[in-house]
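Dropping protein18.tsv in here (TSV, C-alpha atoms):
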chain	number	residue	atom	x	y	z
A	1	MET	CA	53.11	54.53	-1.30
A	2	LYS	CA	54.61	51.68	-3.25
A	3	ILE	CA	55.00	49.74	-0.04
A	4	ASN	CA	51.41	50.48	0.92
A	5	ASN	CA	50.15	49.39	-2.49
A	6	SER	CA	52.10	46.16	-2.18
A	7	LEU	CA	50.60	45.52	1.22
A	8	VAL	CA	47.11	46.19	-0.12
A	9	GLY	CA	47.76	43.76	-2.96
A	10	LEU	CA	48.98	41.06	-0.60
A	11	LEU	CA	46.01	41.56	1.69
A	12	ALA	CA	43.65	41.32	-1.27
A	13	LEU	CA	45.23	38.05	-2.35
A	14	ALA	CA	45.02	36.71	1.18
A	15	VAL	CA	41.35	37.62	1.51
A	16	THR	CA	40.59	36.15	-1.93
A	17	GLY	CA	42.40	32.95	-1.04
A	18	PHE	CA	40.57	32.63	2.29
A	19	ALA	CA	37.21	33.29	0.69
A	20	SER	CA	37.91	30.62	-1.90
A	21	THR	CA	38.85	28.12	0.81
A	22	ALA	CA	35.93	29.10	3.03
A	23	THR	CA	33.44	28.34	0.27
A	24	ALA	CA	35.00	25.01	-0.74
A	25	ASP	CA	32.47	22.26	-1.34
A	26	ILE	CA	32.04	19.41	1.13
A	27	ASN	CA	32.35	16.11	-0.71
A	28	VAL	CA	30.43	13.13	0.68
A	29	GLY	CA	31.45	9.75	-0.72
A	30	VAL	CA	28.82	7.02	-0.69
A	31	THR	CA	29.21	3.32	-1.46
A	32	LEU	CA	26.06	1.21	-1.23
A	33	SER	CA	24.58	-2.04	-2.52
A	34	ALA	CA	22.17	-0.92	-5.24
A	35	THR	CA	22.60	-4.26	-7.05
A	36	GLY	CA	23.35	-7.82	-5.96
A	37	PRO	CA	21.70	-9.80	-3.13
A	38	ALA	CA	21.35	-6.70	-0.91
A	39	ALA	CA	19.75	-4.52	-3.62
A	40	SER	CA	16.41	-4.32	-1.80
A	41	LEU	CA	18.31	-2.61	1.03
A	42	GLY	CA	20.60	-0.45	-1.07
A	43	ILE	CA	18.05	0.95	-3.52
A	44	PRO	CA	16.02	2.86	-0.90
A	45	GLU	CA	19.30	4.17	0.51
A	46	LYS	CA	20.30	5.38	-2.95
A	47	ASN	CA	16.87	6.95	-3.44
A	48	THR	CA	17.19	8.77	-0.12
A	49	PHE	CA	20.34	10.62	-1.13
A	50	ALA	CA	18.30	12.41	-3.80
A	51	LEU	CA	16.30	13.94	-0.91
A	52	MET	CA	19.34	15.12	1.07
A	53	PRO	CA	20.15	18.82	1.59
A	54	THR	CA	22.52	20.28	-1.00
A	55	THR	CA	23.84	22.94	1.37
A	56	ILE	CA	24.70	22.80	5.06
A	57	ALA	CA	25.83	25.85	7.03
A	58	GLY	CA	26.25	27.73	3.75
A	59	GLN	CA	28.53	25.09	2.24
A	60	LYS	CA	27.61	23.21	-0.92
A	61	ILE	CA	27.38	19.45	-0.43
A	62	ASN	CA	28.33	17.07	-3.24
A	63	TYR	CA	27.16	13.45	-2.91
A	64	ILE	CA	29.28	11.03	-4.95
A	65	LEU	CA	27.44	7.69	-5.15
A	66	LEU	CA	29.00	4.37	-6.16
A	67	ASP	CA	27.41	0.91	-6.32
A	68	ASP	CA	29.39	-1.90	-4.65
A	69	ALA	CA	27.00	-4.59	-5.96
A	70	SER	CA	26.82	-6.21	-2.48
A	71	ASP	CA	30.46	-7.24	-2.94
A	72	THR	CA	33.14	-6.72	-0.28
A	73	THR	CA	36.03	-6.26	-2.70
A	74	THR	CA	34.12	-3.66	-4.69
A	75	ALA	CA	33.15	-1.79	-1.52
A	76	VAL	CA	36.83	-1.49	-0.57
A	77	LYS	CA	37.75	-0.42	-4.11
A	78	ASN	CA	35.02	2.23	-4.07
A	79	THR	CA	36.20	3.53	-0.73
A	80	ARG	CA	39.78	3.88	-1.95
A	81	LYS	CA	38.61	5.70	-5.09
A	82	LEU	CA	36.40	8.11	-3.18
A	83	ILE	CA	39.24	9.00	-0.82
A	84	ALA	CA	42.16	9.10	-3.28
A	85	GLU	CA	40.50	10.48	-6.41
A	86	ASP	CA	37.39	12.33	-5.25
A	87	LYS	CA	39.02	13.71	-2.09
A	88	VAL	CA	35.89	13.17	-0.01
A	89	ASP	CA	35.56	14.58	3.48
A	90	VAL	CA	33.45	11.69	4.77
A	91	ILE	CA	32.35	8.21	3.65
A	92	ILE	CA	28.80	6.89	4.07
A	93	GLY	CA	28.36	3.15	3.62
A	94	SER	CA	28.15	0.41	3.02
A	95	THR	CA	24.73	-1.20	3.08
A	96	ILE	CA	25.76	-4.57	4.54
A	97	THR	CA	27.98	-5.69	7.40
A	98	PRO	CA	30.72	-7.59	5.51
A	99	ASN	CA	31.35	-4.61	3.24
A	100	SER	CA	31.35	-2.11	6.09
A	101	LEU	CA	33.79	-4.17	8.15
A	102	ALA	CA	36.16	-4.41	5.19
A	103	MET	CA	36.13	-0.63	4.73
A	104	ILE	CA	37.31	0.18	8.26
A	105	ASP	CA	41.04	-0.25	7.57
A	106	VAL	CA	40.84	2.02	4.52
A	107	VAL	CA	39.08	4.96	6.20
A	108	ALA	CA	41.21	4.70	9.34
A	109	GLU	CA	44.43	4.75	7.33
A	110	ALA	CA	43.23	7.83	5.42
A	111	GLY	CA	41.88	9.61	8.50
A	112	THR	CA	38.43	9.94	6.92
A	113	PRO	CA	35.28	9.57	9.05
A	114	MET	CA	32.80	6.91	7.99
A	115	ILE	CA	29.11	6.43	8.77
A	116	ALA	CA	28.04	2.84	8.12
A	117	MET	CA	24.47	1.89	7.18
A	118	ALA	CA	24.94	-1.74	8.30
A	119	ALA	CA	23.77	-3.26	11.55
A	120	SER	CA	26.44	-5.38	13.22
A	121	ALA	CA	27.84	-4.05	16.49
A	122	ARG	CA	31.25	-5.29	15.32
A	123	ILE	CA	31.47	-2.27	13.02
A	124	ILE	CA	31.97	0.01	16.04
A	125	ASP	CA	32.78	-2.40	18.84
A	126	PRO	CA	35.21	-2.98	20.44
A	127	MET	CA	36.34	0.61	20.11
A	128	ASP	CA	39.96	0.97	19.02
A	129	GLY	CA	42.15	3.33	17.01
A	130	LYS	CA	40.60	2.28	13.71
A	131	ARG	CA	36.98	2.25	14.83
A	132	ALA	CA	37.47	5.71	16.30
A	133	TRP	CA	36.84	6.92	12.73
A	134	VAL	CA	33.67	4.86	12.26
A	135	TYR	CA	30.04	5.55	13.18
A	136	LYS	CA	26.80	3.81	12.22
A	137	THR	CA	23.07	4.53	12.06
A	138	PRO	CA	21.29	1.12	12.24
A	139	GLN	CA	20.41	-0.36	15.60
A	140	ASN	CA	22.91	-2.89	16.93
A	141	ASP	CA	22.00	-6.55	16.56
A	142	ALA	CA	22.31	-6.88	20.35
A	143	GLN	CA	19.54	-4.30	20.89
A	144	MET	CA	17.24	-6.07	18.45
A	145	ALA	CA	18.07	-9.55	19.74
A	146	THR	CA	17.03	-8.41	23.21
A	147	ALA	CA	13.65	-7.29	21.86
A	148	ILE	CA	13.13	-10.68	20.20
A	149	VAL	CA	14.03	-12.64	23.33
A	150	GLU	CA	11.73	-10.47	25.46
A	151	HIS	CA	8.89	-11.22	23.04
A	152	MET	CA	9.69	-14.94	23.16
A	153	ASN	CA	9.60	-14.90	26.96
A	154	ASN	CA	6.29	-13.02	26.96
A	155	THR	CA	4.72	-15.56	24.57
A	156	ASN	CA	6.04	-18.66	26.37
A	157	ILE	CA	8.56	-19.75	23.72
A	158	LYS	CA	10.82	-22.39	25.31
A	159	THR	CA	12.85	-23.75	22.37
A	160	VAL	CA	14.15	-22.05	19.23
A	161	ALA	CA	16.22	-22.89	16.16
A	162	TYR	CA	18.42	-20.41	14.33
A	163	ILE	CA	19.24	-20.19	10.62
A	164	GLY	CA	21.34	-17.28	9.40
A	165	PHE	CA	23.68	-15.99	6.72
A	166	ALA	CA	27.08	-17.64	6.54
A	167	ASP	CA	28.80	-14.27	6.90
A	168	ALA	CA	29.46	-11.54	9.46
A	169	TYR	CA	25.78	-10.56	9.66
A	170	GLY	CA	24.61	-14.10	10.41
A	171	GLU	CA	27.44	-14.74	12.86
A	172	GLY	CA	26.88	-11.46	14.65
A	173	TRP	CA	23.22	-12.23	15.14
A	174	TRP	CA	23.98	-15.78	16.28
A	175	ASN	CA	26.47	-14.57	18.88
A	176	GLU	CA	24.17	-11.93	20.31
A	177	PHE	CA	20.96	-13.96	20.19
A	178	ALA	CA	22.49	-17.14	21.64
A	179	LYS	CA	23.97	-15.21	24.56
A	180	ILE	CA	20.72	-13.44	25.44
A	181	ALA	CA	18.52	-16.50	24.87
A	182	GLU	CA	20.63	-18.59	27.23
A	183	ALA	CA	20.44	-15.92	29.90
A	184	ARG	CA	16.63	-15.88	29.55
A	185	ASN	CA	16.28	-19.69	29.72
A	186	ILE	CA	15.37	-20.28	26.09
A	187	LYS	CA	16.91	-23.47	24.73
A	188	ILE	CA	18.47	-23.34	21.26
A	189	VAL	CA	17.92	-26.66	19.47
A	190	GLY	CA	19.30	-25.84	16.01
A	191	ASN	CA	21.96	-23.64	14.41
A	192	GLU	CA	22.15	-23.57	10.58
A	193	ARG	CA	23.73	-21.33	7.90
A	194	PHE	CA	23.11	-20.43	4.25
A	195	ASN	CA	24.64	-18.07	1.69
A	196	ARG	CA	22.99	-14.89	0.43
A	197	SER	CA	23.02	-16.26	-3.12
A	198	ASP	CA	21.67	-19.76	-2.29
A	199	THR	CA	18.54	-20.96	-4.06
A	200	SER	CA	17.77	-23.88	-1.74
A	201	VAL	CA	18.03	-24.57	2.00
A	202	THR	CA	16.23	-27.91	2.02
A	203	GLY	CA	18.88	-29.69	4.09
A	204	GLN	CA	18.94	-26.99	6.74
A	205	ALA	CA	15.13	-26.83	6.89
A	206	LEU	CA	14.83	-30.59	7.42
A	207	LYS	CA	17.29	-30.46	10.32
A	208	ILE	CA	15.30	-27.67	11.93
A	209	LEU	CA	12.01	-29.54	11.47
A	210	ALA	CA	13.52	-32.61	13.11
A	211	ALA	CA	14.42	-30.53	16.19
A	212	LYS	CA	10.77	-29.45	16.61
A	213	PRO	CA	11.44	-25.93	17.96
A	214	ASP	CA	8.66	-23.69	19.27
A	215	ALA	CA	10.07	-20.89	17.11
A	216	VAL	CA	12.66	-20.22	14.40
A	217	LEU	CA	14.75	-17.06	14.05
A	218	VAL	CA	16.10	-16.23	10.60
A	219	GLY	CA	19.30	-14.19	10.93
A	220	ALA	CA	19.36	-12.73	7.43
A	221	ALA	CA	18.59	-9.52	5.55
A	222	GLY	CA	16.78	-8.40	2.41
A	223	THR	CA	14.89	-10.70	0.06
A	224	PRO	CA	17.27	-13.69	0.60
A	225	ALA	CA	15.85	-13.90	4.15
A	226	ALA	CA	12.58	-15.18	2.68
A	227	LEU	CA	14.18	-18.42	1.44
A	228	PRO	CA	14.44	-20.37	4.72
A	229	GLN	CA	11.03	-19.20	5.89
A	230	LYS	CA	9.32	-20.26	2.66
A	231	SER	CA	11.15	-23.59	2.76
A	232	LEU	CA	10.07	-24.28	6.34
A	233	LYS	CA	6.46	-23.36	5.61
A	234	GLU	CA	6.38	-25.55	2.50
A	235	LYS	CA	7.54	-28.47	4.60
A	236	GLY	CA	4.81	-27.95	7.15
A	237	TYR	CA	6.43	-25.99	9.96
A	238	LYS	CA	3.68	-24.59	12.24
A	239	GLY	CA	5.75	-22.81	14.88
A	240	VAL	CA	6.37	-19.09	15.37
A	241	MET	CA	8.68	-17.32	12.91
A	242	TYR	CA	10.98	-14.42	13.74
A	243	GLN	CA	13.06	-12.30	11.39
A	244	THR	CA	15.58	-9.53	12.09
A	245	HIS	CA	15.27	-5.84	11.27
A	246	GLY	CA	17.19	-6.68	8.10
A	247	VAL	CA	13.92	-7.52	6.29
A	248	ALA	CA	11.95	-4.36	6.99
A	249	ASN	CA	11.01	-3.39	3.44
A	250	ALA	CA	8.25	-3.96	0.91
A	251	ASP	CA	10.38	-6.19	-1.32
A	252	PHE	CA	10.69	-8.76	1.47
A	253	LEU	CA	6.91	-8.77	1.94
A	254	ARG	CA	6.43	-9.23	-1.80
A	255	ILE	CA	8.88	-12.13	-2.08
A	256	CYS	CA	7.81	-13.92	1.09
A	257	GLY	CA	4.09	-13.41	0.51
A	258	LYS	CA	1.65	-15.53	2.53
A	259	ASP	CA	4.51	-17.53	4.06
A	260	CYS	CA	5.37	-14.48	6.20
A	261	GLU	CA	1.95	-13.95	7.73
A	262	GLY	CA	2.25	-13.79	11.51
A	263	THR	CA	6.02	-13.27	11.50
A	264	PHE	CA	7.50	-11.12	14.28
A	265	LEU	CA	10.54	-8.86	13.99
A	266	PRO	CA	12.15	-5.91	15.74
A	267	ALA	CA	12.33	-2.75	13.65
A	268	GLY	CA	13.17	0.91	13.79
A	269	PRO	CA	10.12	3.02	14.69
A	270	VAL	CA	10.12	4.65	11.24
A	271	LEU	CA	8.63	1.44	9.80
A	272	VAL	CA	5.37	2.05	11.67
A	273	ALA	CA	5.69	5.80	12.19
A	274	VAL	CA	2.02	6.56	11.67
A	275	GLN	CA	1.07	3.93	14.29
A	276	LEU	CA	3.33	5.38	17.00
A	277	PRO	CA	1.70	7.23	19.89
A	278	ASP	CA	2.10	11.02	19.75
A	279	SER	CA	4.19	10.79	22.90
A	280	ASN	CA	6.93	8.86	21.07
A	281	PRO	CA	9.89	11.26	20.69
A	282	VAL	CA	10.84	9.82	17.29
A	283	LYS	CA	7.42	10.07	15.65
A	284	GLU	CA	7.68	13.61	14.23
A	285	VAL	CA	11.08	13.10	12.57
A	286	ALA	CA	10.14	9.63	11.36
A	287	LEU	CA	6.93	10.91	9.75
A	288	ASP	CA	8.84	13.75	8.11
A	289	TYR	CA	11.10	11.24	6.39
A	290	VAL	CA	8.20	8.96	5.44
A	291	ASN	CA	6.29	11.86	3.88
A	292	LYS	CA	9.32	13.07	1.92
A	293	TYR	CA	10.23	9.59	0.66
A	294	GLU	CA	6.71	8.52	-0.26
A	295	GLY	CA	6.08	11.93	-1.82
A	296	ALA	CA	8.97	11.23	-4.18
A	297	TYR	CA	8.62	7.47	-4.73
A	298	GLY	CA	5.01	6.56	-4.01
A	299	LYS	CA	2.81	5.52	-1.11
A	300	GLY	CA	4.05	2.43	0.71
A	301	SER	CA	7.55	2.68	-0.77
A	302	VAL	CA	9.35	3.69	2.43
A	303	SER	CA	11.64	1.26	4.26
A	304	THR	CA	13.85	1.31	7.32
A	305	PHE	CA	16.96	1.07	5.12
A	306	GLY	CA	16.45	4.39	3.40
A	307	ALA	CA	15.96	5.88	6.85
A	308	HIS	CA	19.44	4.68	7.84
A	309	ALA	CA	20.78	6.86	5.03
A	310	TRP	CA	18.52	9.72	6.12
A	311	ASP	CA	19.89	9.50	9.66
A	312	ALA	CA	23.45	9.58	8.30
A	313	GLY	CA	22.48	12.85	6.65
A	314	LYS	CA	21.01	14.12	9.92
A	315	LEU	CA	24.28	13.33	11.70
A	316	LEU	CA	26.28	15.23	9.09
A	317	ALA	CA	23.96	18.24	9.14
A	318	ASN	CA	24.40	18.39	12.90
A	319	ALA	CA	28.18	17.89	12.88
A	320	ILE	CA	29.31	20.01	9.92
A	321	PRO	CA	28.67	23.49	11.39
A	322	ALA	CA	30.94	22.83	14.38
A	323	ALA	CA	33.61	21.25	12.18
A	324	LEU	CA	33.61	24.34	9.92
A	325	THR	CA	34.61	26.54	12.85
A	326	LYS	CA	37.85	24.57	13.17
A	327	ALA	CA	38.95	23.86	9.60
A	328	GLN	CA	37.97	24.07	5.95
A	329	PRO	CA	36.63	21.25	3.74
A	330	GLY	CA	39.12	19.25	1.73
A	331	THR	CA	41.75	19.21	4.49
A	332	PRO	CA	42.89	16.56	7.00
A	333	GLU	CA	42.06	19.05	9.75
A	334	PHE	CA	38.45	19.27	8.60
A	335	ARG	CA	38.09	15.49	8.44
A	336	LYS	CA	39.44	15.24	12.00
A	337	ALA	CA	37.14	18.04	13.17
A	338	LEU	CA	34.18	16.30	11.54
A	339	ARG	CA	35.09	13.04	13.27
A	340	ASP	CA	35.25	14.85	16.60
A	341	SER	CA	31.97	16.67	15.97
A	342	LEU	CA	30.17	13.41	15.16
A	343	GLU	CA	31.43	11.93	18.42
A	344	ALA	CA	30.02	14.94	20.31
A	345	THR	CA	26.47	14.35	19.00
A	346	THR	CA	23.90	14.59	21.80
A	347	ASN	CA	20.09	14.45	21.84
A	348	LEU	CA	19.79	14.39	18.07
A	349	THR	CA	16.48	12.85	17.01
A	350	GLY	CA	16.60	10.83	13.82
A	351	ALA	CA	14.05	8.73	11.99
A	352	HIS	CA	15.16	5.65	13.92
A	353	GLY	CA	15.90	6.98	17.39
A	354	VAL	CA	17.73	9.56	19.49
A	355	PHE	CA	21.52	9.75	19.02
A	356	ASN	CA	23.78	10.30	22.03
A	357	MET	CA	27.33	9.51	20.95
A	358	SER	CA	30.44	9.18	23.11
A	359	ALA	CA	34.06	8.14	22.71
A	360	GLN	CA	33.02	4.55	23.48
A	361	ASP	CA	29.65	4.50	21.69
A	362	HIS	CA	29.54	5.51	18.01
A	363	LEU	CA	25.84	4.68	17.64
A	364	GLY	CA	24.33	6.17	20.75
A	365	PHE	CA	20.86	4.63	20.56
A	366	ASP	CA	18.75	3.54	23.52
A	367	GLN	CA	15.54	1.50	23.60
A	368	ARG	CA	13.61	4.31	21.90
A	369	SER	CA	15.20	3.07	18.67
A	370	ARG	CA	13.23	-0.19	18.44
A	371	VAL	CA	9.71	-1.55	18.35
A	372	MET	CA	8.30	-5.04	17.77
A	373	VAL	CA	6.29	-5.52	14.60
A	374	GLU	CA	4.08	-8.32	13.27
A	375	ILE	CA	3.34	-9.00	9.60
A	376	VAL	CA	-0.45	-9.02	9.26
A	377	ASP	CA	-2.29	-9.14	5.91
A	378	GLY	CA	0.95	-8.25	4.12
A	379	ASN	CA	1.51	-5.12	6.22
A	380	TRP	CA	3.55	-4.05	9.25
A	381	LEU	CA	1.56	-3.90	12.50
A	382	LEU	CA	3.00	-2.35	15.66
A	383	VAL	CA	2.96	-4.83	18.56
A	384	LYS	CA	1.71	-2.95	21.61
When written as C-alpha cells, how does the structure in this file appear?
Amino acid sequence: MKINNSLVGLLALAVTGFASTATADINVGVTLSATGPAASLGIPEKNTFALMPTTIAGQKINYILLDDASDTTTAVKNTRKLIAEDKVDVIIGSTITPNSLAMIDVVAEAGTPMIAMAASARIIDPMDGKRAWVYKTPQNDAQMATAIVEHMNNTNIKTVAYIGFADAYGEGWWNEFAKIAEARNIKIVGNERFNRSDTSVTGQALKILAAKPDAVLVGAAGTPAALPQKSLKEKGYKGVMYQTHGVANADFLRICGKDCEGTFLPAGPVLVAVQLPDSNPVKEVALDYVNKYEGAYGKGSVSTFGAHAWDAGKLLANAIPAALTKAQPGTPEFRKALRDSLEATTNLTGAHGVFNMSAQDHLGFDQRSRVMVEIVDGNWLLVK
C-alpha cells in the first residue's frame, strides 16, 4: 500500500507538471519603429497588435512590444532582450529593411523564428542557414517593381530617373527596378540617393531635371518619401511620378499633399479593399482587417503597414496549433516546431495576399498580392 501510495503521488506530480507545461503562455516579441523617420509605418503596426487574438489553440498569447525608433542598433538590442530576458517563442519585426536585416544573425543564433514586416527580398533571399529562421509578410520589392515597369510599358514611358534611400531599402529597389526596366527596354537616365533624415534634396532634384526623364521613381518609404517628389514639383517637373508600396498610408498623403496628385504606386490589395471585385480572393480577409482597424482607430485610418502586422498574426494563428502537437511553449523544441510549421503554410489568405510557403520561399506570395493604385483627389484609386 505504501508503494501504491508513492506511485499515486508520483503520478499526480507528473500530471500536475505536464498540465502546467501544457498551459504555458506563448510569448511573442515585437520590435517596431513607432518613432523616428519610419514612425508613420510603425505606428499602425503597433496599433494592430492591440487587435490581435489573446489566445490561440487554447494557449494564452503575450505580446511584448518594444520601440526601436527606426534605429538598427536599437532593433538588435531589442531582439537580444526579447530573446534573453523575455524568453519569447517568436520575434515579429522590424518595420524597416535595415533593422530587419541586422536582426537575422541574432534570431538565427538563438534558434528563434522571426517574421519581418519589412519589404526587401534580401531579408529572406538567398535562403541559407540563417534565413531559414526568417519569414516576412510584405510583398518583395521585385514583385512590386515588376508591376511598376508593366505600368510604364503600358503608358509608353521610355526614360526614367530613380531617387531612393541611401540604405538597404533604396539599394534593394534600385537593383530590382534597374534589372526589370532594362529587360523591358526602359532607359534609366538618373540614379540618385538621399537619407531618411534629410531635409533637402535640391542637388539630386536638379540632376534629375537636367536628364529630362519621362518618369521618376522614388525608392523610399513613409513620410520621408515625399521630400524628393515635392522638390521636383516645386522646380517644375511635369513628368509622371511613381512611388513604392512603402508610402501606402494616410500620413504620406497628408505630407505630400497636392504634389502627389496623379502619382502611381503598387500596393497590397488591402489599401483599396472596398474597390476590389468580389471575385478577388483577398477581398473578404482584407475588408475584415479594415473594418476592425477603422472600428478602433477611425474611418480612413487603415494602412498597408498595419496589415503586414495583421498578416504576421494570421501566420502565427495558423502555425501554432501544429507546433503545439510537437512541443510546449518556452522550449527550443517549440521554437523549432513553430519555424517548421510556418514553412509548411499553404493557401492561407491574409489581408495582403495568399501565403504558400516552402523551404526556398519564406514569403509565398504570387501576383494576387499586388495592385496598381493612383493618388486622385488625395485618395487611393484602384487602377483597373
I need the residue nearest A:Lys77 from this list: A:Val107, A:Ala132, A:Leu232, A:Ile61. Use all atoms listed in the file for the distance.
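Of the candidates, the smallest distance to A:Lys77 is held by A:Val107.
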May I have the residues within 12 Å of A:Glu150 as JSON, numbers by chain, using all atoms listed in the file and disregarding those fewer than 6 positions away in the same chain?
{"A": [143, 144, 156, 157, 158, 177, 180, 181, 183, 184, 185, 186, 264, 265, 266, 371, 372]}
Could you write out that same residue set with C-alpha atoms as a JSON list (two decimals), in the coordinates of the input?
[["chain", "number", "residue", "atom", "x", "y", "z"],
["A", 143, "GLN", "CA", 19.54, -4.30, 20.89],
["A", 144, "MET", "CA", 17.24, -6.07, 18.45],
["A", 156, "ASN", "CA", 6.04, -18.66, 26.37],
["A", 157, "ILE", "CA", 8.56, -19.75, 23.72],
["A", 158, "LYS", "CA", 10.82, -22.39, 25.31],
["A", 177, "PHE", "CA", 20.96, -13.96, 20.19],
["A", 180, "ILE", "CA", 20.72, -13.44, 25.44],
["A", 181, "ALA", "CA", 18.52, -16.50, 24.87],
["A", 183, "ALA", "CA", 20.44, -15.92, 29.90],
["A", 184, "ARG", "CA", 16.63, -15.88, 29.55],
["A", 185, "ASN", "CA", 16.28, -19.69, 29.72],
["A", 186, "ILE", "CA", 15.37, -20.28, 26.09],
["A", 264, "PHE", "CA", 7.50, -11.12, 14.28],
["A", 265, "LEU", "CA", 10.54, -8.86, 13.99],
["A", 266, "PRO", "CA", 12.15, -5.91, 15.74],
["A", 371, "VAL", "CA", 9.71, -1.55, 18.35],
["A", 372, "MET", "CA", 8.30, -5.04, 17.77]]
Neighbours of A:Asp214 within 6 Å (only C-alpha atoms; same-chain residues fewer than 4 positions away dropped), as number ranges by chain?
A: 157, 159-160, 239
Rows by chain and residue number, stretch 33-142 of chain A within 12 Å of stretch 304-323 of chain A, shortest pair, all atoms listed in the file, as a tab-separated table:
residue	atom	partner	partner_atom	distance
A:Ser33	CA	A:Phe305	CA	11.2
A:Ala34	CA	A:Gly306	CA	11.6
A:Ala38	CA	A:Phe305	CA	10.8
A:Ala39	CA	A:Phe305	CA	10.7
A:Ser40	CA	A:Phe305	CA	8.8
A:Leu41	CA	A:Phe305	CA	5.7
A:Gly42	CA	A:Phe305	CA	7.3
A:Ile43	CA	A:Gly306	CA	7.9
A:Pro44	CA	A:Gly306	CA	4.6
A:Glu45	CA	A:Gly306	CA	4.1
A:Lys46	CA	A:Gly306	CA	7.5
A:Asn47	CA	A:Gly306	CA	7.3
A:Thr48	CA	A:Gly306	CA	5.7
A:Phe49	CA	A:Ala309	CA	7.2
A:Ala50	CA	A:Trp310	CA	10.3
A:Leu51	CA	A:Trp310	CA	8.5
A:Met52	CA	A:Gly313	CA	6.8
A:Pro53	CA	A:Gly313	CA	8.2
A:Thr54	CA	A:Ala317	CA	10.4
A:Thr55	CA	A:Ala317	CA	9.1
A:Ile56	CA	A:Ala317	CA	6.2
A:Ala57	CA	A:Pro321	CA	5.7
A:Gly58	CA	A:Pro321	CA	9.1
A:Gln59	CA	A:Ile320	CA	9.2
A:Lys60	CA	A:Ile320	CA	11.4
A:Ile61	CA	A:Ala317	CA	10.2
A:Tyr63	CA	A:Gly313	CA	10.7
A:Asp89	CA	A:Ile320	CA	10.5
A:Val90	CA	A:Leu316	CA	9.1
A:Ile91	CA	A:Ala312	CA	10.1
A:Ile92	CA	A:Ala312	CA	7.3
A:Gly93	CA	A:Ala309	CA	8.6
A:Ser94	CA	A:Ala309	CA	10.0
A:Thr95	CA	A:Phe305	CA	8.3
A:Ile96	CA	A:Phe305	CA	10.5
A:Pro113	CA	A:Leu316	CA	10.6
A:Met114	CA	A:Ala312	CA	9.7
A:Ile115	CA	A:Ala312	CA	6.5
A:Ala116	CA	A:Ala312	CA	8.2
A:Met117	CA	A:His308	CA	5.8
A:Ala118	CA	A:His308	CA	8.5
A:Ala119	CA	A:His308	CA	9.8
A:Val134	CA	A:Ala312	CA	11.9
A:Tyr135	CA	A:Ala312	CA	9.1
A:Lys136	CA	A:Ala312	CA	7.7
A:Thr137	CA	A:His308	CA	5.6
A:Pro138	CA	A:His308	CA	6.0
A:Gln139	CA	A:His308	CA	9.3
Of the listed residues A:Trp133, A:Phe355, A:Tyr169, A:Tyr162, that which approaches A:Val216 most closely, counting all atoms listed in the file
A:Tyr162
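With distances taken over all atoms listed in the file, A:Val28 is the one residue among A:Val28, A:Val272, A:Ile255, A:Ile104 lying closest to A:Val88.
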Hey, can you check how far atom CA of A:Leu82 sits from atom CA of A:Ile123?
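One can read the atom CA of A:Leu82 to atom CA of A:Ile123 distance as 19.9 Å.
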For A:Asp68, which residue among A:Gly298, A:Gly378, A:Gly36, A:Pro98 is the nearest when counting all atoms listed in the file?
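Looking only at the distances to A:Asp68, the closest residue turns out to be A:Gly36.
Interatomic distance, atom CA of A:Lys238 to atom CA of A:Ala166: 25.1 Å.
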Hey, which of A:Cys256, A:Leu338, A:Ala359, A:Ala168 ends up closest to A:Asp128? Count all atoms listed in the file.
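When distances to A:Asp128 are compared using all atoms listed in the file, the smallest one comes from A:Ala359.
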Show me, as a tab-separated table, the residues of stretch 231-288 of chain A having an atom within 8 Å of stretch 350-353 of chain A, each with the closest atom pair and its distance in Å, using all atoms listed in the file.
residue	atom	partner	partner_atom	distance
A:Gly268	CA	A:His352	CA	5.1
A:Pro269	CA	A:His352	CA	5.7
A:Val270	CA	A:Ala351	CA	5.7
A:Val282	CA	A:Gly353	CA	5.8
A:Lys283	CA	A:Ala351	CA	7.7
A:Val285	CA	A:Ala351	CA	5.3
A:Ala286	CA	A:Ala351	CA	4.1
A:Leu287	CA	A:Ala351	CA	7.8
Counting all atoms listed in the file, figure out which residue out of A:Val302, A:Ile148, A:Val201, A:Ala69 gets nearest to A:Thr35.
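Ranked by minimum distance to A:Thr35, first place goes to A:Ala69.
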When you look at A:Tyr237 with a cut-off of 10 Å (counting all atoms listed in the file), what residues show up, excluding the ones that are within fewer than 2 positions of it in the same chain? I need them as a PDB file with C-alpha atoms, in the frame of the given file.
ATOM      1  CA  ALA A 205      15.130 -26.830   6.890  1.00  0.00           C
ATOM      2  CA  LEU A 206      14.830 -30.590   7.420  1.00  0.00           C
ATOM      3  CA  ILE A 208      15.300 -27.670  11.930  1.00  0.00           C
ATOM      4  CA  LEU A 209      12.010 -29.540  11.470  1.00  0.00           C
ATOM      5  CA  LYS A 212      10.770 -29.450  16.610  1.00  0.00           C
ATOM      6  CA  PRO A 213      11.440 -25.930  17.960  1.00  0.00           C
ATOM      7  CA  ASP A 214       8.660 -23.690  19.270  1.00  0.00           C
ATOM      8  CA  ALA A 215      10.070 -20.890  17.110  1.00  0.00           C
ATOM      9  CA  VAL A 216      12.660 -20.220  14.400  1.00  0.00           C
ATOM     10  CA  GLN A 229      11.030 -19.200   5.890  1.00  0.00           C
ATOM     11  CA  LYS A 230       9.320 -20.260   2.660  1.00  0.00           C
ATOM     12  CA  SER A 231      11.150 -23.590   2.760  1.00  0.00           C
ATOM     13  CA  LEU A 232      10.070 -24.280   6.340  1.00  0.00           C
ATOM     14  CA  LYS A 233       6.460 -23.360   5.610  1.00  0.00           C
ATOM     15  CA  GLU A 234       6.380 -25.550   2.500  1.00  0.00           C
ATOM     16  CA  LYS A 235       7.540 -28.470   4.600  1.00  0.00           C
ATOM     17  CA  GLY A 239       5.750 -22.810  14.880  1.00  0.00           C
ATOM     18  CA  VAL A 240       6.370 -19.090  15.370  1.00  0.00           C
ATOM     19  CA  MET A 241       8.680 -17.320  12.910  1.00  0.00           C
TER      20      MET A 241
END
